[in-house]
Amino acid sequence: MTSEARPQQGDVDSDCVDRTLLQQIAEHRDRRALQRLYDAYAPRITGFLRRMTSDEGLIEEAFNDVMLNVWNKAHQFKGQSKASSWIFSIAYRVCLRMVKRQKFRVGVVEMFGRERAETETAPTNPVDTSDLIATALEKLSAAHRLVIELSYFRDFSTEEIAQIIGCPQNTVKTRMFHARKQIRSFVEQQEQRAQAT
Amino acid sequence: MKQITHSHPLEHDVPDYLNDRLSAAARSEFEKALETDAELRDIVDFERKIKKTVRATAQDPVRAPRFASLERRLEQTSARSWAPGGTWLLPTAAAVALAVLVGINLDFSGGDDPYITLTDQPVSYEQPMIRIVTFGPLPEQQLDAILAEHQLRVVERYPSVNSIDLEPIDRSALPAIIEALANDDRVRFAQKVTESP
């Protein structure tokens, strides 16, 4: 069975607006167009970034990185994908970079014996499946976690995620499969452990 | 929960099914299979729990990013690119000297991306720099004092980690400056680095 992406309602209209704004940035270096994109994408992209870190300073810095790239590279958007997929492909790379930076920050904090970063704390005594799944999600690698987030937090189709990540659809499917398998395996282990005690 | 140890042939379509992104024909075929296939139903149920958890753990934004902060960065990057003594001076001088030496014609049309952003891969510095980490955001006045005191200039700032990469004007003084900065009350940590984080 093939998973042809079915456009969602409102996608076509907003994509048309976004394409026009990108064109205005590319051709006229129009800052008002950039601001419109900034405001439109701030909740969606910071929400996505917030899934990977709770450091608000880092989130704002990373979101500004995304929009700075949009400003600098708008002329490279060829219209082969939806504008949102193109912008999220930048956000995806920024997000991977942000995860590395978060590790750098944690390293600095640890070096001085201060408190550990908030993101490292796992829920204590997880009891139900949702808690276990939430813990399992945090244990996934960034590459696996991001496909889950793009799919279930932002509702992108497999085809769109492949465009965002810049890989074949089968790679997305494989990453989803392994992520799901790891989550399931973690949940089953914890449930068995709970039953045994 | 039933243990599943192998991949189901329709498993890869589950995310697009749950996101309502399958075509009408694919969806109908998937639902037909769902009616008769208990294993597929189990996979869909578990995947639905993952989706629900992802949605449920989404955090509300603490603060919305401000366009003004991006505008400041736009101004800084364009100013830095052209300021006297800015980052363009040394590479340009080196390029011109090389062109004179080998007698080639330079193409001054410029590259696609004149800006350095945090999303780039770690940048290898041509010569070692000094990275300082401060106890908190460093007031501009204090930074200016440090720069003047040790004859340094800013290469890159990483505000989210209270870190700044600095270049000594007199390179031979690098070890002495690092030692002095390490003992400076305003600085938490100073080290020699060869690339951006």
# chains A, B, ... in the order shown; residues from 1 in each chain; ligands from 1
$ interface_residues --of "chain A" --to "chain B" --cutoff "8 Å" --atoms "only C-alpha atoms" --output "PyMOL selection string"
chain A and resi 1-8+35+38-39+42-43+46-47+50-51+56-58+60-69+72-73+93-94+97+101+104-105+130+133-134+149+151-153+155-158+173+176-177+180+188
$ write_last_selection --atoms "C-alpha atoms" --output "CSV table (one decimal), in the first residue's frame"
chain,number,residue,atom,x,y,z
A,1,MET,CA,0.0,0.0,0.0
A,2,THR,CA,1.4,3.4,-0.9
A,3,SER,CA,1.0,6.3,1.4
A,4,GLU,CA,0.2,9.2,-1.0
A,5,ALA,CA,0.1,12.3,1.1
A,6,ARG,CA,-3.4,13.8,1.3
A,7,PRO,CA,-3.3,17.6,1.7
A,8,GLN,CA,-5.1,18.8,4.8
A,35,GLN,CA,8.1,39.3,10.1
A,38,TYR,CA,8.2,34.9,11.8
A,39,ASP,CA,4.9,35.4,13.5
A,42,ALA,CA,6.8,31.0,15.9
A,43,PRO,CA,4.2,28.9,17.6
A,46,THR,CA,9.1,26.8,18.9
A,47,GLY,CA,6.5,24.1,19.9
A,50,ARG,CA,10.3,22.8,22.9
A,51,ARG,CA,9.8,19.0,22.5
A,56,GLU,CA,13.6,29.0,26.6
A,57,GLY,CA,16.8,31.0,25.8
A,58,LEU,CA,18.0,28.2,23.6
A,60,GLU,CA,14.5,31.5,21.0
A,61,GLU,CA,18.1,31.4,19.7
A,62,ALA,CA,17.3,28.3,17.6
A,63,PHE,CA,14.1,29.8,16.3
A,64,ASN,CA,16.0,32.9,15.3
A,65,ASP,CA,18.5,30.7,13.6
A,66,VAL,CA,15.7,29.1,11.5
A,67,MET,CA,14.4,32.5,10.5
A,68,LEU,CA,17.8,33.9,9.7
A,69,ASN,CA,18.3,30.9,7.4
A,72,ASN,CA,19.4,34.2,3.8
A,73,LYS,CA,18.2,31.2,1.7
A,93,ARG,CA,18.7,20.8,11.1
A,94,VAL,CA,18.7,23.6,13.6
A,97,ARG,CA,22.3,21.3,16.2
A,101,ARG,CA,24.4,22.6,21.9
A,104,PHE,CA,27.6,21.3,25.4
A,105,ARG,CA,25.6,23.3,28.0
A,130,SER,CA,1.4,7.1,29.0
A,133,ILE,CA,5.7,6.0,26.8
A,134,ALA,CA,6.7,9.6,27.7
A,149,GLU,CA,7.6,14.4,16.8
A,151,SER,CA,4.6,12.9,12.6
A,152,TYR,CA,2.5,13.0,15.8
A,153,PHE,CA,3.2,16.5,17.1
A,155,ASP,CA,1.0,15.8,11.7
A,156,PHE,CA,3.4,15.7,8.8
A,157,SER,CA,2.9,12.8,6.3
A,158,THR,CA,5.7,10.3,5.7
A,173,LYS,CA,9.5,4.4,7.8
A,176,MET,CA,9.5,5.2,12.8
A,177,PHE,CA,9.6,1.4,13.0
A,180,ARG,CA,8.1,2.4,17.9
A,188,GLU,CA,6.8,-4.1,28.0
$ select_by_dssp --residues "stretch 142-181 of chain A" --states "alpha helix (DSSP H)" --output "tab-separated table (two decimals) with C-alpha atoms, in the first residue's frame"
chain	number	residue	atom	x	y	z
A	142	ALA	CA	17.43	12.58	18.36
A	143	ALA	CA	16.98	11.09	14.85
A	144	HIS	CA	14.30	8.66	16.04
A	145	ARG	CA	12.62	11.14	18.35
A	146	LEU	CA	12.36	13.79	15.65
A	147	VAL	CA	10.47	11.59	13.18
A	148	ILE	CA	7.97	10.75	15.91
A	149	GLU	CA	7.59	14.42	16.81
A	150	LEU	CA	7.21	15.52	13.18
A	151	SER	CA	4.60	12.86	12.62
A	152	TYR	CA	2.54	13.01	15.80
A	158	THR	CA	5.70	10.29	5.73
A	159	GLU	CA	6.33	11.92	2.35
A	160	GLU	CA	6.63	15.40	3.92
A	161	ILE	CA	8.93	14.13	6.67
A	162	ALA	CA	11.18	12.61	3.98
A	163	GLN	CA	11.36	16.06	2.32
A	164	ILE	CA	12.08	17.75	5.65
A	165	ILE	CA	14.84	15.35	6.65
A	169	GLN	CA	10.50	7.74	2.49
A	170	ASN	CA	11.72	4.25	3.38
A	171	THR	CA	14.28	5.75	5.75
A	172	VAL	CA	11.50	7.63	7.54
A	173	LYS	CA	9.46	4.42	7.75
A	174	THR	CA	12.44	2.51	9.09
A	175	ARG	CA	13.17	5.17	11.72
A	176	MET	CA	9.50	5.17	12.76
A	177	PHE	CA	9.59	1.39	12.98
A	178	HIS	CA	12.69	1.33	15.18
A	179	ALA	CA	11.42	4.16	17.37
A	180	ARG	CA	8.11	2.36	17.87
A	181	LYS	CA	9.92	-0.92	18.59
$ residues_around --residues "A:Ser84" --least-positions-apart "5" --cutoff "12 Å" --atoms "only C-alpha atoms" --output "JSON, numbers by chain"
{"A": [11, 12, 13, 14, 15, 16, 17, 18, 19, 21, 22, 37, 40, 41, 44, 45, 70, 77, 79, 89, 90, 91, 92, 154, 156, 160, 161, 163, 164]}
$ residues_around --residues "A:Gln23" --least-positions-apart "3" --cutoff "10 Å" --atoms "only C-alpha atoms" --output "list in words"
Val17, Asp18, Arg19, Thr20, Ala26, Glu27, His28, Arg29, Asp30, Ala33, Ala74, His75, Phe77 and Lys78 of chain A
$ atom_distance --atom1 "atom CA of B:Gln191" --atom2 "atom CA of B:Pro168"
12.7 Å
$ decode --residues "stretch 18-84 of chain B" --atoms "C-alpha atoms" --output "PDB file, in the first residue's frame"
ATOM      1  CA  LEU B  18      -3.630   8.141  12.259  1.00  0.00           C
ATOM      2  CA  ASN B  19      -2.771  11.548  10.796  1.00  0.00           C
ATOM      3  CA  ASP B  20      -5.482  11.111   8.146  1.00  0.00           C
ATOM      4  CA  ARG B  21      -2.854  11.458   5.424  1.00  0.00           C
ATOM      5  CA  LEU B  22      -3.585   8.291   3.417  1.00  0.00           C
ATOM      6  CA  SER B  23      -5.307   8.618   0.052  1.00  0.00           C
ATOM      7  CA  ALA B  24      -8.969   7.527  -0.005  1.00  0.00           C
ATOM      8  CA  ALA B  25      -8.126   4.215  -1.684  1.00  0.00           C
ATOM      9  CA  ALA B  26      -5.246   3.435   0.674  1.00  0.00           C
ATOM     10  CA  ARG B  27      -7.356   4.357   3.686  1.00  0.00           C
ATOM     11  CA  SER B  28     -10.198   2.094   2.598  1.00  0.00           C
ATOM     12  CA  GLU B  29      -7.785  -0.799   2.069  1.00  0.00           C
ATOM     13  CA  PHE B  30      -6.181  -0.142   5.459  1.00  0.00           C
ATOM     14  CA  GLU B  31      -9.546  -0.079   7.243  1.00  0.00           C
ATOM     15  CA  LYS B  32     -10.604  -3.301   5.565  1.00  0.00           C
ATOM     16  CA  ALA B  33      -7.465  -4.976   6.876  1.00  0.00           C
ATOM     17  CA  LEU B  34      -8.033  -3.440  10.299  1.00  0.00           C
ATOM     18  CA  GLU B  35     -11.439  -5.155  10.617  1.00  0.00           C
ATOM     19  CA  THR B  36      -9.990  -8.634  10.271  1.00  0.00           C
ATOM     20  CA  ASP B  37      -6.438  -8.320  11.514  1.00  0.00           C
ATOM     21  CA  ALA B  38      -6.084  -8.319  15.312  1.00  0.00           C
ATOM     22  CA  GLU B  39      -2.327  -7.789  15.158  1.00  0.00           C
ATOM     23  CA  LEU B  40      -2.753  -4.639  13.064  1.00  0.00           C
ATOM     24  CA  ARG B  41      -5.412  -3.382  15.493  1.00  0.00           C
ATOM     25  CA  ASP B  42      -2.956  -3.872  18.355  1.00  0.00           C
ATOM     26  CA  ILE B  43      -0.269  -1.923  16.483  1.00  0.00           C
ATOM     27  CA  VAL B  44      -2.706   0.901  15.723  1.00  0.00           C
ATOM     28  CA  ASP B  45      -3.854   1.012  19.352  1.00  0.00           C
ATOM     29  CA  PHE B  46      -0.291   1.286  20.629  1.00  0.00           C
ATOM     30  CA  GLU B  47       0.609   3.892  18.025  1.00  0.00           C
ATOM     31  CA  ARG B  48      -2.488   5.871  19.026  1.00  0.00           C
ATOM     32  CA  LYS B  49      -1.208   5.863  22.615  1.00  0.00           C
ATOM     33  CA  ILE B  50       2.144   7.222  21.422  1.00  0.00           C
ATOM     34  CA  LYS B  51       0.392   9.992  19.512  1.00  0.00           C
ATOM     35  CA  LYS B  52      -1.805  10.829  22.499  1.00  0.00           C
ATOM     36  CA  THR B  53       1.239  10.964  24.780  1.00  0.00           C
ATOM     37  CA  VAL B  54       3.147  13.190  22.371  1.00  0.00           C
ATOM     38  CA  ARG B  55       0.196  15.581  22.273  1.00  0.00           C
ATOM     39  CA  ALA B  56      -0.456  15.440  26.003  1.00  0.00           C
ATOM     40  CA  THR B  57       3.132  16.249  26.954  1.00  0.00           C
ATOM     41  CA  ALA B  58       3.317  19.344  24.746  1.00  0.00           C
ATOM     42  CA  GLN B  59       4.237  22.337  26.897  1.00  0.00           C
ATOM     43  CA  ASP B  60       2.773  25.789  26.692  1.00  0.00           C
ATOM     44  CA  PRO B  61       5.245  28.424  25.596  1.00  0.00           C
ATOM     45  CA  VAL B  62       6.791  30.346  28.468  1.00  0.00           C
ATOM     46  CA  ARG B  63       7.351  33.336  26.205  1.00  0.00           C
ATOM     47  CA  ALA B  64       6.916  34.010  22.523  1.00  0.00           C
ATOM     48  CA  PRO B  65      10.023  34.846  20.525  1.00  0.00           C
ATOM     49  CA  ARG B  66      10.246  38.484  19.539  1.00  0.00           C
ATOM     50  CA  PHE B  67      10.935  39.614  15.998  1.00  0.00           C
ATOM     51  CA  ALA B  68      13.022  42.462  17.426  1.00  0.00           C
ATOM     52  CA  SER B  69      15.581  39.918  18.652  1.00  0.00           C
ATOM     53  CA  LEU B  70      15.964  38.559  15.100  1.00  0.00           C
ATOM     54  CA  GLU B  71      16.226  42.081  13.718  1.00  0.00           C
ATOM     55  CA  ARG B  72      19.086  42.758  16.107  1.00  0.00           C
ATOM     56  CA  ARG B  73      20.892  39.693  14.786  1.00  0.00           C
ATOM     57  CA  LEU B  74      20.252  40.746  11.200  1.00  0.00           C
ATOM     58  CA  GLU B  75      21.809  44.119  11.957  1.00  0.00           C
ATOM     59  CA  GLN B  76      24.744  42.549  13.782  1.00  0.00           C
ATOM     60  CA  THR B  77      25.540  40.037  11.055  1.00  0.00           C
ATOM     61  CA  SER B  78      25.400  42.590   8.262  1.00  0.00           C
ATOM     62  CA  ALA B  79      27.372  45.133  10.313  1.00  0.00           C
ATOM     63  CA  ARG B  80      29.969  42.525  11.258  1.00  0.00           C
ATOM     64  CA  SER B  81      30.366  41.507   7.652  1.00  0.00           C
ATOM     65  CA  TRP B  82      31.302  45.027   6.604  1.00  0.00           C
ATOM     66  CA  ALA B  83      32.707  46.749   9.681  1.00  0.00           C
ATOM     67  CA  PRO B  84      36.353  47.866   9.549  1.00  0.00           C
TER      68      PRO B  84
END
